[in-house]
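K.L.:
First the structure, which I've put down as structure tokens, then a few questions once you've had a look.
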Amino acid sequence: MPGLGIEKMEADEGMRIHHHAEMSPSTLHHEHKKSSSGGSSPTTPAFGDHGALIERISTDGAPPYRETGPTINRSKTADMKKPANGGLRWPRIRRMIREPLSEFMGTFILIMFGDGVVAQVVLSGGSHGDYQSISWGWGIGVMLGVYASGISGAHINPAVTFANCLFRKFPWKKFPIYASAQVLGAFCASGVVYANYKSAIDTFEGGSHLRTVPGYSENASAGIFCTYPADFMSRTGMFFSEFIASTLLMFMIYALKDDGNIGAGNLTPLGLFFIIFGIGACFGWETGYAINLARDFGPRLMSYFLGYGHEVWSAGGYYFWIPMIAPFFGCSFGGFLYDVLLFTGESPINTPYMGLYRFIPGMRHAYDGVSFNAEDLKEESAV
């Protein structure tokens, strides 16, 4: 495996990795001889690129790791393994906060690529990219952020988490934790982007003491970090632009994840790349297609702390609240549309009164344990 130092293994073989520090030279020589025999080529390297000895071992059942694609993927048995050195303090702490860390890093990567490409295009005056580059950058940022945060479900958007709470039984108690991790990840990533491009911002703005916002300066750089509406946009238009883009986002996420439809399976991150690229290319001009509270509010807050001033909130007629609120309405509506029109799986929409009975006093538990499968209803009617 190029770059990983792990050669191709048969399906009934596992692997064991020893670190140099724990083995003597004689032991290394002995293990190298073992790994060179038993069906492998004598010229096969025993050590990976990272200094680990790979020993082939036979296993009766499925191995904990198996090569099934372009990288080393975890097999179905891997999750049943105990974490390595799980009794140590940090592994114990990490186990408790692993999902928030996952959302933090997924959103962090999203903003690194998204704000990074905007910075390069804006600060270079278009000589190192154009609007299409921005669509590519955000699409790639979402795709890689999803790959990085699959442990937690890769929401990387509070509005997506909210919709999953509504329609996919995601625990409500996790919503504030996920949302906080997402905002914090975006906040920190935008600070890293600023640090990387600080010299270019100084030159673009006309000095290290100048930090301006779109609508207040021709050389404003605040748009690198968060969205600002076009001058011609009305308040209704601003909200609707974010609403329709968020609706498309959530509708297509549920389509990608619905195995009863075509479904994207392991290609879901790639599908999300095309969704974001398409939204940016088709609906991004008017408001910047934030479609994500964390993506907009976290960097906006960072830009305020970095000296861009009160204008980050007042620009566009106090536009800042629209990309915070509209995505929740849009994603909720997109999820609702998909479940009403296409989804046949488990959803509140596929329960009596589309799940609204849960909000009616006296009916909250009226249908607990009741099945509405077609087979069951046929049996009852026959009786």
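Just so we're on the same page: first chain in the structure tokens is A, next is B, and so on; residues restart at 1 for each chain, and ligands are numbered from 1 in the order they show up.
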Run DSSP on the backbone and give me the residues of stretch 116-317 of chain A it puts in helix (DSSP H, G or I), as JSON, numbers by chain.

P.N.:
{"A": [116, 117, 118, 119, 120, 121, 122, 123, 131, 132, 133, 134, 135, 136, 137, 138, 139, 140, 141, 142, 143, 144, 145, 146, 147, 148, 150, 151, 152, 158, 159, 160, 161, 162, 163, 164, 165, 166, 167, 172, 173, 174, 175, 176, 177, 178, 179, 180, 181, 182, 183, 184, 185, 186, 187, 188, 189, 190, 191, 192, 193, 194, 195, 196, 198, 199, 200, 201, 202, 203, 204, 205, 222, 223, 224, 235, 236, 237, 238, 239, 240, 241, 242, 243, 244, 245, 246, 247, 248, 249, 250, 251, 252, 253, 254, 255, 256, 257, 265, 266, 267, 268, 269, 270, 271, 272, 273, 274, 275, 276, 277, 278, 279, 280, 281, 282, 283, 293, 294, 295, 296, 297, 298, 299, 300, 301, 302, 303, 304, 305, 306, 307, 308, 311, 312, 313, 314, 315, 316, 317]}

K.L.:
Enumerate, in order of chain and increasing residue number, the residues of stretch 86-174 of chain A with an atom no farther than 8 Å from stretch 315-336 of chain A, each with its shortest atom pair and distance in Å to one decimal, counting only C-alpha atoms, as a tab-separated table.

P.N.:
```
residue	atom	partner	partner_atom	distance
A:Pro158	CA	A:Phe328	CA	7.9
A:Ala159	CA	A:Phe328	CA	4.7
A:Val160	CA	A:Cys331	CA	6.4
A:Phe162	CA	A:Phe328	CA	7.1
A:Ala163	CA	A:Ser332	CA	5.1
A:Leu166	CA	A:Ser332	CA	7.7
A:Phe167	CA	A:Gly335	CA	7.1
```

K.L.:
Using backbone DSSP assignments, extract all strand (DSSP E) residues from stretch 41-280 of chain A; output them as a ChimeraX atom specification.

P.N.:
/A:52-58,65-67,72-74

K.L.:
If we count only C-alpha atoms, what is near A:Phe187 at a cut-off of 7 Å, once residues fewer than 6 positions away on the same chain are taken out, given as a ChimeraX atom specification?

P.N.:
/A:298-299,302

K.L.:
Store the residues picked out above in a file with C-alpha atoms, as an mmCIF file, in the first residue's frame.

P.N.:
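This is the output file out.cif:
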```cif
data_model
loop_
_atom_site.group_PDB
_atom_site.id
_atom_site.type_symbol
_atom_site.label_atom_id
_atom_site.label_comp_id
_atom_site.auth_asym_id
_atom_site.auth_seq_id
_atom_site.Cartn_x
_atom_site.Cartn_y
_atom_site.Cartn_z
ATOM 1 C CA GLY A 298 -18.010 31.038 14.217
ATOM 2 C CA PRO A 299 -15.817 32.901 11.686
ATOM 3 C CA MET A 302 -13.560 35.472 15.146
#
```

K.L.:
Calculated over only C-alpha atoms, which of the candidates A:Phe108, A:Tyr289, A:Tyr304, A:Phe372 has the smallest distance to A:Val192?

P.N.:
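For A:Val192, the nearest of the candidates is A:Phe108.
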
K.L.:
For A:Glu311, which residue among A:Asp130, A:Ala84, A:Gly114, A:Tyr228 is the nearest when counting only C-alpha atoms?

P.N.:
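Checking each of A:Asp130, A:Ala84, A:Gly114, A:Tyr228 against A:Glu311, counting only C-alpha atoms, the winner is A:Tyr228.
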
K.L.:
What's the 12 Å shell around A:Gly265, counting only C-alpha atoms, without same-chain residues fewer than 5 positions away, as a list in words?

P.N.:
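Once the adjacent positions are removed, what remains is Ile253, Tyr254, Ala255, Leu256, Lys257, Asp258, Asp259, Gly260, Leu270, Gly271 and Leu272 of chain A.
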
K.L.:
Just the selected residues (C-alpha atoms), exported as a CSV table (one decimal), in the first residue's frame, please.

P.N.:
```csv
chain,number,residue,atom,x,y,z
A,253,ILE,CA,-28.5,14.5,2.1
A,254,TYR,CA,-31.5,12.3,2.8
A,255,ALA,CA,-31.6,11.1,-0.8
A,256,LEU,CA,-27.9,10.1,-0.6
A,257,LYS,CA,-28.4,8.2,2.6
A,258,ASP,CA,-31.6,6.4,1.6
A,259,ASP,CA,-30.9,2.9,0.6
A,260,GLY,CA,-34.5,2.6,-0.6
A,270,LEU,CA,-18.3,12.6,-3.0
A,271,GLY,CA,-22.1,13.1,-3.4
A,272,LEU,CA,-21.9,15.9,-0.8
```

K.L.:
For A:Ile244, which of A:Ala200, A:Phe273, A:Ala222, A:Ile291 is the closest residue, counting only C-alpha atoms?

P.N.:
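Looking only at the distances to A:Ile244, the closest residue turns out to be A:Ile291.
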
K.L.:
Do you have the atom CA of A:Lys169-atom CA of A:Ala186 distance handy?

P.N.:
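A separation of 25.7 Å between them.
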
K.L.:
Can you work out the spacing between atom CA of A:Asp339 and atom CA of A:Tyr178 in Å, to one decimal?

P.N.:
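Computing the Euclidean distance for atom CA of A:Asp339 and atom CA of A:Tyr178 yields 23.4 Å.
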
K.L.:
What does the distance between atom CA of A:Phe232 and atom CA of A:Gly284 come to in Å, to one decimal place?

P.N.:
14.4 Å

K.L.:
I'd like the neighbourhood of A:Cys282 as a PyMOL selection string, where a residue qualifies if any of its atoms comes within 12 Å (using only C-alpha atoms), though same-chain residues fewer than 4 positions away should be ignored.

P.N.:
chain A and resi 131-132+135+241+244-245+248+274-278+286-289

K.L.:
Taking only C-alpha atoms into account, name the residue in A:Met238, A:Ile134, A:Leu123, A:Leu301 that is nearest to A:Gly206.

P.N.:
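Using only C-alpha atoms, A:Gly206 sits closest to A:Leu123.
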
K.L.:
Choose the residue, out of A:Leu249, A:Leu267, A:Val340, A:Ala181, that has the smallest atom-to-atom separation from A:Gly355; count only C-alpha atoms.

P.N.:
A:Val340

K.L.:
Determine the nearest neighbour of A:Gly141 from the options A:Gly116, A:Gly87, A:Gly191, A:Gly369, counting only C-alpha atoms.

P.N.:
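Going through A:Gly116, A:Gly87, A:Gly191, A:Gly369 one by one, the smallest distance to A:Gly141 is for A:Gly116.
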